[in-house]
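Novice: Structure file query.csv, CSV, C-alpha atoms, is pasted below:
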chain,number,residue,atom,x,y,z
V,20,MET,CA,121.4,115.0,155.8
V,21,LYS,CA,121.6,111.3,156.5
V,22,GLN,CA,122.2,108.3,154.3
V,23,LEU,CA,120.3,105.0,154.0
V,24,THR,CA,121.9,102.3,151.7
V,25,ASN,CA,123.3,105.1,149.4
V,26,ILE,CA,119.9,107.0,149.5
V,27,GLU,CA,120.5,110.5,150.8
V,28,ILE,CA,117.7,111.9,153.0
V,29,GLU,CA,117.3,115.6,153.8
V,30,GLU,CA,114.6,117.4,155.6
V,31,LEU,CA,113.8,120.7,153.9
V,32,LYS,CA,111.0,121.8,156.2
V,33,PRO,CA,109.8,120.2,159.5
V,34,ALA,CA,106.2,119.3,160.2
V,35,ASP,CA,103.9,121.7,162.0
V,36,ALA,CA,101.8,121.1,165.2
V,37,LEU,CA,99.3,119.1,163.2
V,38,ALA,CA,102.1,116.8,161.9
V,39,SER,CA,101.6,118.3,158.4
V,40,GLY,CA,103.6,120.4,156.0
V,41,GLN,CA,106.9,118.5,156.3
V,42,VAL,CA,109.1,118.5,153.2
V,43,LYS,CA,111.8,115.8,152.7
V,44,ARG,CA,114.1,115.0,149.8
V,45,PHE,CA,115.4,111.5,148.9
V,46,VAL,CA,118.3,111.3,146.4
V,47,LEU,CA,118.9,107.9,144.9
V,48,PRO,CA,122.4,106.6,144.0
V,49,GLY,CA,124.0,108.6,141.3
V,50,GLY,CA,122.0,111.7,142.1
V,51,LYS,CA,119.9,111.6,138.8
V,52,ILE,CA,116.6,110.5,140.5
V,53,ARG,CA,115.2,112.6,143.3
V,54,ILE,CA,112.0,112.2,145.3
V,55,THR,CA,110.5,115.0,147.3
V,56,GLN,CA,107.9,114.2,149.9
V,57,ILE,CA,105.4,116.9,150.8
V,58,GLY,CA,103.0,116.5,153.7
V,59,THR,CA,99.5,117.8,153.2
V,60,PHE,CA,96.8,118.1,155.8
V,61,CYS,CA,94.5,115.2,156.6
V,62,PRO,CA,93.4,114.6,160.2
V,63,ASP,CA,95.0,112.0,162.4
V,64,VAL,CA,93.3,110.1,165.3
V,65,ILE,CA,90.0,110.3,163.5
V,66,GLY,CA,91.8,109.9,160.1
V,67,PRO,CA,95.0,108.4,158.7
V,68,GLY,CA,97.1,111.6,159.3
V,69,PRO,CA,98.7,113.9,156.7
V,70,THR,CA,98.6,112.7,153.1
V,71,GLN,CA,102.2,112.6,151.8
V,72,VAL,CA,102.4,113.3,148.1
V,73,TYR,CA,105.6,112.7,146.1
V,74,VAL,CA,107.4,114.6,143.4
V,75,ILE,CA,109.6,112.3,141.4
V,76,GLU,CA,112.3,113.8,139.2
V,77,SER,CA,113.6,111.1,136.8
V,78,ASP,CA,112.9,111.1,133.1
V,79,GLY,CA,110.5,114.1,133.5
V,80,VAL,CA,108.8,115.2,136.7
V,81,VAL,CA,105.9,113.0,138.1
V,82,LEU,CA,103.6,113.8,141.0
V,83,LEU,CA,102.2,110.8,142.9
V,84,ASP,CA,98.8,111.7,144.5
V,85,ALA,CA,97.3,115.1,145.2
V,86,GLY,CA,95.9,115.1,148.7
V,87,ILE,CA,92.5,116.3,149.9
V,88,PRO,CA,91.1,119.9,150.1
V,89,THR,CA,91.0,121.0,153.7
V,90,ASN,CA,87.3,121.9,153.6
V,91,LEU,CA,86.5,118.4,152.3
V,92,ALA,CA,88.7,116.8,155.0
V,93,LYS,CA,86.7,118.7,157.6
V,94,ALA,CA,83.4,117.6,156.1
V,95,PHE,CA,84.4,114.0,155.5
V,96,PHE,CA,86.2,113.2,158.7
V,97,TYR,CA,84.2,115.3,161.2
V,98,HIS,CA,80.9,116.8,160.0
V,99,TRP,CA,79.6,113.9,157.9
V,100,ARG,CA,80.5,111.4,160.7
V,101,ASN,CA,78.9,113.6,163.4
V,102,GLN,CA,82.2,114.1,165.3
V,103,PRO,CA,83.3,117.2,167.1
V,104,ILE,CA,86.0,119.2,165.3
V,105,PRO,CA,89.0,120.3,167.3
V,106,PRO,CA,89.5,124.1,167.4
V,107,GLU,CA,92.9,124.0,165.7
V,108,VAL,CA,91.4,122.0,162.8
V,109,GLY,CA,88.3,124.2,162.6
V,110,ALA,CA,90.6,127.3,162.3
V,111,LEU,CA,92.4,126.1,159.2
V,112,PRO,CA,91.7,128.0,156.0
V,113,HIS,CA,89.7,126.1,153.4
V,114,ASN,CA,92.8,125.9,151.1
V,115,HIS,CA,95.4,125.0,153.8
V,116,SER,CA,96.4,121.7,152.1
V,117,GLU,CA,96.8,123.4,148.7
V,118,LEU,CA,99.0,126.1,150.2
V,119,GLU,CA,101.2,123.4,151.9
V,120,PHE,CA,101.6,121.6,148.6
V,121,ARG,CA,102.5,124.7,146.7
V,122,GLN,CA,105.0,125.9,149.3
V,123,GLY,CA,106.6,122.5,149.5
V,124,LEU,CA,106.9,122.4,145.7
V,125,ASN,CA,108.5,125.8,145.6
V,126,LEU,CA,110.9,124.9,148.5
V,127,ALA,CA,112.0,121.8,146.5
V,128,GLY,CA,112.8,124.0,143.5
V,129,TYR,CA,109.9,123.1,141.2
V,130,SER,CA,107.0,124.9,139.7
V,131,PRO,CA,103.6,123.3,138.8
V,132,ARG,CA,104.5,123.7,135.2
V,133,ASN,CA,107.5,121.2,135.7
V,134,ILE,CA,105.0,118.4,136.4
V,135,SER,CA,104.1,116.4,133.3
V,136,LEU,CA,102.2,113.5,134.9
V,137,LEU,CA,100.0,113.1,137.9
V,138,THR,CA,99.6,109.5,139.0
V,139,ILE,CA,97.0,108.5,141.5
V,140,SER,CA,97.9,105.6,143.8
V,141,HIS,CA,94.2,104.7,144.4
V,142,GLY,CA,90.8,106.2,144.3
V,143,HIS,CA,90.2,107.2,147.9
V,144,PRO,CA,89.3,110.9,148.5
V,145,ASP,CA,92.4,111.8,150.5
V,146,HIS,CA,94.6,110.9,147.5
V,147,PHE,CA,93.1,112.6,144.5
V,148,MET,CA,90.4,115.2,145.4
V,149,MET,CA,92.7,118.2,145.5
V,150,ALA,CA,93.9,117.3,142.0
V,151,SER,CA,91.5,119.6,140.1
V,152,ALA,CA,92.8,122.7,141.9
V,153,LEU,CA,96.4,121.7,141.2
V,154,LEU,CA,96.0,120.7,137.6
V,155,ASN,CA,94.8,124.3,136.7
V,156,ASP,CA,98.5,125.3,136.9
V,157,MET,CA,100.0,122.2,135.3
V,158,ASP,CA,100.4,120.9,131.8
V,159,ALA,CA,100.0,117.3,133.1
V,160,ASP,CA,98.3,114.2,132.1
V,161,VAL,CA,96.6,112.0,134.7
V,162,SER,CA,97.2,108.3,135.2
V,163,ALA,CA,95.5,105.8,137.5
V,164,HIS,CA,94.6,102.1,137.5
V,165,ILE,CA,91.6,101.3,135.4
V,166,LEU,CA,89.9,99.5,138.4
V,167,ASP,CA,89.8,102.6,140.5
V,168,THR,CA,88.5,105.0,137.7
V,169,PRO,CA,84.9,104.6,138.8
V,170,ALA,CA,85.8,106.4,142.0
V,171,ILE,CA,88.2,108.9,140.4
V,172,CYS,CA,86.2,109.8,137.3
V,173,ASN,CA,82.7,110.0,138.8
V,174,PRO,CA,81.9,113.4,140.4
V,175,TRP,CA,79.3,111.8,142.6
V,176,GLY,CA,81.6,108.9,143.6
V,177,LEU,CA,82.3,110.2,147.1
V,178,LEU,CA,78.6,110.8,147.9
V,179,ASN,CA,77.7,107.4,146.4
V,180,MET,CA,80.3,105.7,148.5
V,181,TRP,CA,79.1,107.6,151.6
V,182,MET,CA,75.4,106.8,151.1
V,183,SER,CA,75.9,103.1,150.2
V,184,ARG,CA,78.4,102.5,153.0
V,185,GLN,CA,76.1,104.1,155.6
V,186,GLN,CA,73.4,101.6,154.6
V,187,HIS,CA,75.9,98.8,154.4
V,188,MET,CA,77.1,99.6,157.9
V,189,GLU,CA,73.6,99.3,159.3
V,190,ALA,CA,73.8,95.5,158.6
V,191,THR,CA,76.9,95.3,160.8
V,192,GLY,CA,75.1,96.7,163.8
V,193,MET,CA,76.9,100.0,163.8
V,194,PRO,CA,75.0,103.1,165.1
V,195,VAL,CA,74.1,105.4,162.2
V,196,ALA,CA,75.9,108.7,161.8
V,197,ARG,CA,72.9,110.6,160.6
V,198,THR,CA,69.2,109.9,160.0
V,199,PRO,CA,68.0,109.3,156.4
V,200,GLU,CA,66.5,112.8,156.5
V,201,GLU,CA,69.8,114.4,157.4
V,202,LEU,CA,71.6,112.4,154.7
V,203,LYS,CA,69.2,113.9,152.1
V,204,GLY,CA,69.5,117.4,153.3
V,205,GLU,CA,71.9,120.2,152.8
V,206,ALA,CA,73.8,119.4,156.0
V,207,VAL,CA,75.5,116.5,154.3
V,208,ILE,CA,77.4,118.9,152.0
V,209,ARG,CA,77.9,121.8,154.4
V,210,GLY,CA,81.1,123.7,153.4
V,211,LEU,CA,81.3,121.6,150.2
V,212,ASN,CA,80.4,122.6,146.6
V,213,LEU,CA,80.9,119.4,144.5
V,214,GLU,CA,80.6,121.3,141.3
V,215,ALA,CA,83.2,124.0,142.2
V,216,LEU,CA,85.4,121.3,143.8
V,217,GLY,CA,85.8,119.4,140.6
V,218,ALA,CA,85.4,116.1,142.4
V,219,ALA,CA,86.3,114.0,139.4
V,220,LEU,CA,89.3,113.7,137.1
V,221,LYS,CA,89.7,112.8,133.5
V,222,VAL,CA,92.2,109.9,133.4
V,223,ASP,CA,94.4,110.2,130.3
V,224,SER,CA,96.6,107.2,130.7
V,225,PRO,CA,94.8,104.3,132.5
V,226,VAL,CA,97.2,101.7,134.0
V,227,MET,CA,96.3,98.2,132.9
V,228,GLY,CA,99.1,96.2,134.5
V,229,ASN,CA,102.7,96.1,135.6
V,230,GLY,CA,105.5,97.8,133.6
V,231,PHE,CA,107.1,101.2,133.1
V,232,LEU,CA,105.0,104.3,133.9
V,233,THR,CA,104.0,106.0,130.7
V,234,ARG,CA,102.9,109.4,129.5
V,235,LYS,CA,101.3,109.7,126.0
V,236,ARG,CA,102.4,106.1,125.4
V,237,SER,CA,106.1,107.0,126.1
V,238,ARG,CA,107.7,105.2,129.0
V,239,ILE,CA,109.3,107.1,131.8
V,240,ASP,CA,112.6,105.6,132.7
V,241,GLY,CA,113.4,104.9,136.3
V,242,ILE,CA,109.7,104.5,137.4
V,243,GLU,CA,107.9,101.2,137.2
V,244,VAL,CA,104.2,100.5,138.1
V,245,ARG,CA,103.2,97.6,140.2
V,246,HIS,CA,99.5,96.7,140.7
V,247,LEU,CA,99.1,96.1,144.4
V,248,PRO,CA,95.3,95.5,145.0
V,249,GLY,CA,93.6,94.9,148.4
V,250,HIS,CA,93.3,98.3,149.9
V,251,SER,CA,91.3,99.2,146.8
V,252,PRO,CA,90.9,97.2,143.5
V,253,GLY,CA,93.2,99.5,141.6
V,254,SER,CA,95.9,100.3,144.2
V,255,ILE,CA,99.3,100.8,142.6
V,256,GLY,CA,102.8,101.4,143.8
V,257,LEU,CA,105.7,102.9,142.0
V,258,LEU,CA,109.2,101.4,142.0
V,259,VAL,CA,111.7,104.2,141.6
V,260,GLY,CA,115.3,103.6,140.6
V,261,LYS,CA,117.3,101.2,138.5
V,262,PRO,CA,116.7,97.4,138.8
V,263,GLY,CA,119.6,95.8,140.7
V,264,GLU,CA,120.3,99.0,142.6
V,265,ALA,CA,118.7,100.3,145.8
V,266,ARG,CA,115.2,101.2,144.8
V,267,VAL,CA,112.4,103.1,146.5
V,268,LEU,CA,108.8,101.8,146.6
V,269,LEU,CA,106.1,104.5,146.8
V,270,CYS,CA,103.3,102.3,148.0
V,271,GLY,CA,100.2,104.5,148.6
V,272,ASP,CA,98.2,102.9,151.5
V,273,ILE,CA,99.2,99.3,150.9
V,274,LEU,CA,101.9,99.5,153.6
V,275,LEU,CA,101.7,102.0,156.5
V,276,ASP,CA,103.5,102.5,159.7
V,277,PRO,CA,102.6,102.8,162.6
V,278,ILE,CA,98.9,102.3,161.6
V,279,THR,CA,97.8,99.3,159.7
V,280,PRO,CA,96.1,99.8,156.3
V,281,HIS,CA,92.4,98.9,155.9
V,282,PRO,CA,91.9,96.1,153.4
V,283,ASP,CA,89.0,96.6,151.0
V,284,ASP,CA,89.3,92.8,150.2
V,285,LEU,CA,91.3,90.9,152.8
V,286,LEU,CA,91.9,87.8,150.6
V,287,VAL,CA,93.4,90.0,147.8
V,288,TYR,CA,95.3,92.1,150.3
V,289,LEU,CA,97.0,89.0,151.8
V,290,GLN,CA,97.9,87.9,148.3
V,291,THR,CA,99.5,91.3,147.7
V,292,LEU,CA,101.5,90.9,150.9
V,293,GLU,CA,102.7,87.5,149.6
V,294,ALA,CA,103.8,89.2,146.3
V,295,LEU,CA,105.6,92.0,148.2
V,296,GLU,CA,107.8,89.5,149.9
V,297,GLY,CA,109.4,88.9,146.5
V,298,PHE,CA,110.5,92.5,146.1
V,299,ASP,CA,114.2,92.0,146.7
V,300,ASP,CA,115.8,95.3,145.7
V,301,VAL,CA,113.7,97.7,147.7
V,302,ALA,CA,115.8,99.7,150.1
V,303,LEU,CA,113.2,102.1,151.3
V,304,VAL,CA,109.4,102.2,151.3
V,305,LEU,CA,107.6,105.6,151.3
V,306,PRO,CA,103.9,105.4,152.2
V,307,ALA,CA,101.2,108.0,151.8
V,308,HIS,CA,100.7,108.3,155.6
V,309,GLY,CA,103.0,107.8,158.5
V,310,GLY,CA,106.7,107.1,158.7
V,311,GLU,CA,109.1,105.7,156.1
V,312,ILE,CA,109.6,101.9,156.2
V,313,GLN,CA,113.2,100.8,156.1
V,314,ASP,CA,112.6,97.1,156.1
V,315,LEU,CA,109.9,96.1,153.6
V,316,LYS,CA,109.9,92.4,154.4
V,317,ALA,CA,109.8,92.9,158.2
V,318,ARG,CA,106.7,95.2,157.7
V,319,VAL,CA,105.0,92.6,155.5
V,320,ARG,CA,105.6,89.9,158.1
V,321,PHE,CA,104.2,92.1,160.8
V,322,LEU,CA,101.1,92.8,158.8
V,323,LYS,CA,100.5,89.1,158.0
V,324,GLU,CA,100.8,88.3,161.7
V,325,HIS,CA,98.5,91.2,162.5
V,326,HIS,CA,95.8,90.0,160.3
V,327,ARG,CA,96.2,86.4,161.5
V,328,ASN,CA,95.7,87.6,165.1
V,329,ARG,CA,92.7,89.7,164.0
V,330,LEU,CA,91.1,86.7,162.2
V,331,GLN,CA,91.6,84.6,165.4
V,332,HIS,CA,90.1,87.3,167.6
V,333,THR,CA,87.1,87.5,165.2
V,334,PHE,CA,86.7,83.7,165.1
V,335,GLU,CA,86.9,83.3,168.9
V,336,SER,CA,84.6,86.2,169.6
V,337,CYS,CA,81.9,84.4,167.6
V,338,ARG,CA,81.7,81.4,170.1
V,339,VAL,CA,78.3,83.0,170.6
V,340,PRO,CA,76.3,84.8,167.9
V,341,CYS,CA,78.0,88.2,167.2
V,342,SER,CA,77.4,91.1,164.8
V,343,VAL,CA,80.3,92.7,163.0
V,344,TRP,CA,80.0,95.7,165.2
V,345,ASP,CA,80.1,93.6,168.3
V,346,VAL,CA,83.6,92.6,167.3
V,347,ALA,CA,84.7,95.9,165.8
V,348,SER,CA,84.0,97.7,169.0
V,349,THR,CA,85.8,95.3,171.4
V,350,GLU,CA,88.8,96.8,173.1
V,351,ASN,CA,92.0,97.0,171.1
V,352,TYR,CA,90.4,95.4,167.9
V,353,PHE,CA,90.9,98.5,165.8
V,354,ASP,CA,94.0,100.7,165.7
V,355,THR,CA,92.3,103.5,167.6
V,356,TYR,CA,89.6,103.7,170.3
V,357,VAL,CA,86.2,102.8,169.0
V,358,ASP,CA,83.1,104.1,170.9
V,359,PRO,CA,80.5,101.3,170.6
V,360,LYS,CA,77.8,104.0,170.5
V,361,LYS,CA,79.4,106.0,167.6
V,362,PHE,CA,79.5,105.5,163.9
V,363,ASN,CA,83.0,104.6,162.6
V,364,PHE,CA,82.9,103.1,159.2
V,365,LEU,CA,86.6,102.3,159.0
V,366,ALA,CA,86.4,100.2,162.1
V,367,GLY,CA,83.3,98.5,160.8
V,368,LEU,CA,84.8,97.8,157.4
V,369,GLU,CA,88.0,96.4,159.1
V,370,ALA,CA,86.0,93.9,161.0
V,371,LEU,CA,83.7,93.1,158.1
V,372,VAL,CA,86.6,92.0,155.8
V,373,HIS,CA,87.7,89.6,158.5
V,374,PHE,CA,84.2,88.2,158.8
V,375,GLU,CA,83.9,87.7,155.1
V,376,LEU,CA,87.2,85.8,154.7
V,377,LEU,CA,86.3,83.5,157.6
V,378,THR,CA,82.9,83.0,156.1
V,379,MET,CA,84.5,82.1,152.7
V,380,VAL,CA,86.3,79.2,154.3
V,381,GLY,CA,83.5,78.0,156.5
V,382,GLY,CA,84.9,79.3,159.7
V,383,LEU,CA,81.9,81.5,160.4
V,384,LEU,CA,78.2,80.9,159.6
V,385,ARG,CA,75.4,83.5,159.5
V,386,THR,CA,72.9,82.3,162.1
V,387,GLU,CA,70.2,85.1,161.9
V,388,ILE,CA,69.3,88.6,160.8
V,389,ARG,CA,67.7,90.4,163.7
V,390,GLY,CA,66.1,93.6,162.5
V,391,ARG,CA,68.7,94.7,159.8
V,392,VAL,CA,71.7,93.3,161.7
V,393,HIS,CA,73.4,90.1,160.7
V,394,TYR,CA,74.8,87.7,163.4
V,395,PHE,CA,77.5,85.0,163.0
V,396,LEU,CA,78.6,81.9,164.9
V,397,ASN,CA,81.9,80.1,164.4
V,398,SER,CA,82.1,76.6,163.2
V,399,GLY,CA,83.4,75.1,166.5
V,400,GLU,CA,86.7,73.9,164.9
V,401,PRO,CA,90.2,74.7,166.2
V,402,PHE,CA,91.2,78.0,164.7
V,403,GLU,CA,94.4,76.5,163.2
V,404,GLU,CA,92.3,74.3,160.9
V,405,VAL,CA,90.3,77.4,159.7
V,406,TYR,CA,93.5,79.4,159.3
V,407,GLY,CA,95.1,76.6,157.3
V,408,ARG,CA,92.2,76.9,154.7
V,409,ILE,CA,92.8,80.6,154.6
V,410,THR,CA,96.5,80.1,153.9
V,411,ASP,CA,95.7,77.7,151.2
V,412,LEU,CA,93.3,80.2,149.6
V,413,VAL,CA,95.9,83.0,149.8
V,414,THR,CA,98.8,81.0,148.4
V,415,ASN,CA,96.8,79.2,145.7
V,416,LYS,CA,97.3,81.6,142.8
V,417,LYS,CA,94.6,79.9,140.7
V,418,ALA,CA,92.0,80.4,143.4
V,419,ALA,CA,89.5,83.3,143.2
V,420,ALA,CA,86.7,84.3,145.5
V,421,LEU,CA,83.2,83.6,144.1
V,422,LEU,CA,81.2,85.1,147.0
V,423,ARG,CA,82.5,87.9,149.3
V,424,TYR,CA,79.5,87.9,151.7
Show me, as structure tokens, the structure contained in the file I just sent.

Specialist:
Amino acid sequence: MKQLTNIEIEELKPADALASGQVKRFVLPGGKIRITQIGTFCPDVIGPGPTQVYVIESDGVVLLDAGIPTNLAKAFFYHWRNQPIPPEVGALPHNHSELEFRQGLNLAGYSPRNISLLTISHGHPDHFMMASALLNDMDADVSAHILDTPAICNPWGLLNMWMSRQQHMEATGMPVARTPEELKGEAVIRGLNLEALGAALKVDSPVMGNGFLTRKRSRIDGIEVRHLPGHSPGSIGLLVGKPGEARVLLCGDILLDPITPHPDDLLVYLQTLEALEGFDDVALVLPAHGGEIQDLKARVRFLKEHHRNRLQHTFESCRVPCSVWDVASTENYFDTYVDPKKFNFLAGLEALVHFELLTMVGGLLRTEIRGRVHYFLNSGEPFEEVYGRITDLVTNKKAAALLRY
């Protein structure tokens, strides 16, 4: 057991060969609030790595996030994207992630019946799509931010996202993953039964803003909600602990280490990073993927500089007309290797949000649409002038984007 600013940290179970299954306990000062981190399978390299869910024992027992079923992870990260599946991943049983969660919960001394509230950090598949299987054994309400309920509550939300993004990515110049005929066929949902999966949740307690986490309109002491949009419209974090003491921020995907989170809206994401710099009593940040973050403000500064550099790279690449995919597939642009001839929607979306912010401030201009692919040219100004306008837009709290594209 080790200590970090009076927070005790104990590993109850090490991670396996796929970096999954780890169980760690964090005990806050006074010992009345405990957080248990359980790693559940999600691919790395081609994905963000294991989804870490959190059991928070405070005024009641709260579960943050639920992970993704293993069969769906295989379909989403490998089959649907036409990527080869490693033998060790292919050999995993369909319920591997669920077994990891249940074993971790038992190891930490809880049963599913102890959990009274499941809170979803945001509406991406790797954070909520195992919930239906888990809720069968819980007497728990579900809470999520109202802005992410279209993804969480619609059983066809995942396929809608996949189909619409595939078409969207064609405009970036990215090679398609599958032909339109394949997208309409049974191959798209191989190994996946949406009806049996229960790919939608009923949200009992929608989060509307900041304040104490609530269940059935009763507040849960020791856990506060913070709306932290940018990775998704309804991304939230939980501040755990007493104000003025060392608190823990459970941040979903808003902050990650070592990978950098993908912004859904870069302007909003940068505004959220500005807000996070004002969190003065956070001693530890626990994200949904990757390692714990011991210095919140240092990680925020890193991410701000990271996106500044990526904006400059994007701007300077467009000295000649470029598509979004031209830039996304340049060496070292994305966190992992991107094959220019392969579909990779995360890399494409990462570049796209940088294009759109530069376009908002007049740094990039669309010059033509060739076939279905859009091409952009920079304004010819010094980048610092363009970045100055971006900074003004980020820090001006009264400003809101009218057009994203």

Novice: Which value, in Å to one decimal, gives the distance between CA of Ile52 in chain V and CA of Leu83 in chain V?

Specialist: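 Between CA of Ile52 in chain V and CA of Leu83 in chain V the gap is 14.6 Å.
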
Novice: Could you please determine the separation between CA of Gly128 in chain V and CA of Pro48 in chain V in Å, to one decimal place?

Specialist: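 Interatomic distance here is 19.9 Å.
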
Novice: Do you know which residues are at most 12 Å from range 184-192 of chain V counting all atoms listed in the file, after dropping those on the same chain fewer than 3 positions away, and could you put them as a PyMOL selection string?

Specialist: chain V and resi 99-100+176-181+195-199+202+341-348+359-372+374-375+385+387-395+424

Novice: Convert the current residue selection to file output with C-alpha atoms, as an mmCIF file, keeping the file's coordinate frame.

Specialist:
data_model
loop_
_atom_site.group_PDB
_atom_site.id
_atom_site.type_symbol
_atom_site.label_atom_id
_atom_site.label_comp_id
_atom_site.auth_asym_id
_atom_site.auth_seq_id
_atom_site.Cartn_x
_atom_site.Cartn_y
_atom_site.Cartn_z
ATOM 1 C CA TRP V 99 79.600 113.900 157.900
ATOM 2 C CA ARG V 100 80.500 111.400 160.700
ATOM 3 C CA GLY V 176 81.600 108.900 143.600
ATOM 4 C CA LEU V 177 82.300 110.200 147.100
ATOM 5 C CA LEU V 178 78.600 110.800 147.900
ATOM 6 C CA ASN V 179 77.700 107.400 146.400
ATOM 7 C CA MET V 180 80.300 105.700 148.500
ATOM 8 C CA TRP V 181 79.100 107.600 151.600
ATOM 9 C CA VAL V 195 74.100 105.400 162.200
ATOM 10 C CA ALA V 196 75.900 108.700 161.800
ATOM 11 C CA ARG V 197 72.900 110.600 160.600
ATOM 12 C CA THR V 198 69.200 109.900 160.000
ATOM 13 C CA PRO V 199 68.000 109.300 156.400
ATOM 14 C CA LEU V 202 71.600 112.400 154.700
ATOM 15 C CA CYS V 341 78.000 88.200 167.200
ATOM 16 C CA SER V 342 77.400 91.100 164.800
ATOM 17 C CA VAL V 343 80.300 92.700 163.000
ATOM 18 C CA TRP V 344 80.000 95.700 165.200
ATOM 19 C CA ASP V 345 80.100 93.600 168.300
ATOM 20 C CA VAL V 346 83.600 92.600 167.300
ATOM 21 C CA ALA V 347 84.700 95.900 165.800
ATOM 22 C CA SER V 348 84.000 97.700 169.000
ATOM 23 C CA PRO V 359 80.500 101.300 170.600
ATOM 24 C CA LYS V 360 77.800 104.000 170.500
ATOM 25 C CA LYS V 361 79.400 106.000 167.600
ATOM 26 C CA PHE V 362 79.500 105.500 163.900
ATOM 27 C CA ASN V 363 83.000 104.600 162.600
ATOM 28 C CA PHE V 364 82.900 103.100 159.200
ATOM 29 C CA LEU V 365 86.600 102.300 159.000
ATOM 30 C CA ALA V 366 86.400 100.200 162.100
ATOM 31 C CA GLY V 367 83.300 98.500 160.800
ATOM 32 C CA LEU V 368 84.800 97.800 157.400
ATOM 33 C CA GLU V 369 88.000 96.400 159.100
ATOM 34 C CA ALA V 370 86.000 93.900 161.000
ATOM 35 C CA LEU V 371 83.700 93.100 158.100
ATOM 36 C CA VAL V 372 86.600 92.000 155.800
ATOM 37 C CA PHE V 374 84.200 88.200 158.800
ATOM 38 C CA GLU V 375 83.900 87.700 155.100
ATOM 39 C CA ARG V 385 75.400 83.500 159.500
ATOM 40 C CA GLU V 387 70.200 85.100 161.900
ATOM 41 C CA ILE V 388 69.300 88.600 160.800
ATOM 42 C CA ARG V 389 67.700 90.400 163.700
ATOM 43 C CA GLY V 390 66.100 93.600 162.500
ATOM 44 C CA ARG V 391 68.700 94.700 159.800
ATOM 45 C CA VAL V 392 71.700 93.300 161.700
ATOM 46 C CA HIS V 393 73.400 90.100 160.700
ATOM 47 C CA TYR V 394 74.800 87.700 163.400
ATOM 48 C CA PHE V 395 77.500 85.000 163.000
ATOM 49 C CA TYR V 424 79.500 87.900 151.700
#

Novice: Calculated over only C-alpha atoms, which of the candidates V:Leu118, V:Ala127, V:Ala163, V:Val80 has the smallest distance to Phe147 in chain V?

Specialist: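 Among the listed residues, V:Ala163 lies closest to Phe147 in chain V.
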
Novice: Out of V:Ala219, V:Val74, V:Pro144, V:Tyr406, which residue has the shortest atom-to-atom distance to Thr378 in chain V when counting all atoms listed in the file?

Specialist: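 For Thr378 in chain V, the nearest of the candidates is V:Tyr406.
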
Novice: By how many Å are CA of Gly142 in chain V and CA of Thr291 in chain V apart?

Specialist: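 CA of Gly142 in chain V sits 17.6 Å away from CA of Thr291 in chain V.
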
Novice: So that I can see what lies close to Ala218 in chain V, please list as a PyMOL selection string the residues with an atom at most 12 Å from it, counting all atoms listed in the file and leaving out residues fewer than 3 positions away in the same chain.

Specialist: chain V and resi 87-88+91+142-152+170-178+211-215+221

Novice: Write out as a PyMOL selection string which residues come within 9 Å of His141 in chain V when counting all atoms listed in the file, dropping same-chain ones fewer than 4 positions away.

Specialist: chain V and resi 84+146-147+163-164+167-168+170-171+250-255+271-272

Novice: Fewer than 3 positions away in the same chain doesn't count, so skip those; otherwise give me all residues within 6 Å of Gly249 in chain V, counting only C-alpha atoms, as a PDB file with C-alpha atoms, in the frame of the given file.

Specialist:
ATOM      1  CA  PRO V 282      91.900  96.100 153.400  1.00  0.00           C
ATOM      2  CA  ASP V 283      89.000  96.600 151.000  1.00  0.00           C
ATOM      3  CA  ASP V 284      89.300  92.800 150.200  1.00  0.00           C
ATOM      4  CA  VAL V 287      93.400  90.000 147.800  1.00  0.00           C
ATOM      5  CA  TYR V 288      95.300  92.100 150.300  1.00  0.00           C
TER       6      TYR V 288
END

Novice: Using only C-alpha atoms, which of V:Thr414, V:Asn155, V:Asn133, V:Ser39 sits nearest Val81 in chain V?

Specialist: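 The shortest atom-to-atom distance to Val81 in chain V comes from V:Asn133.
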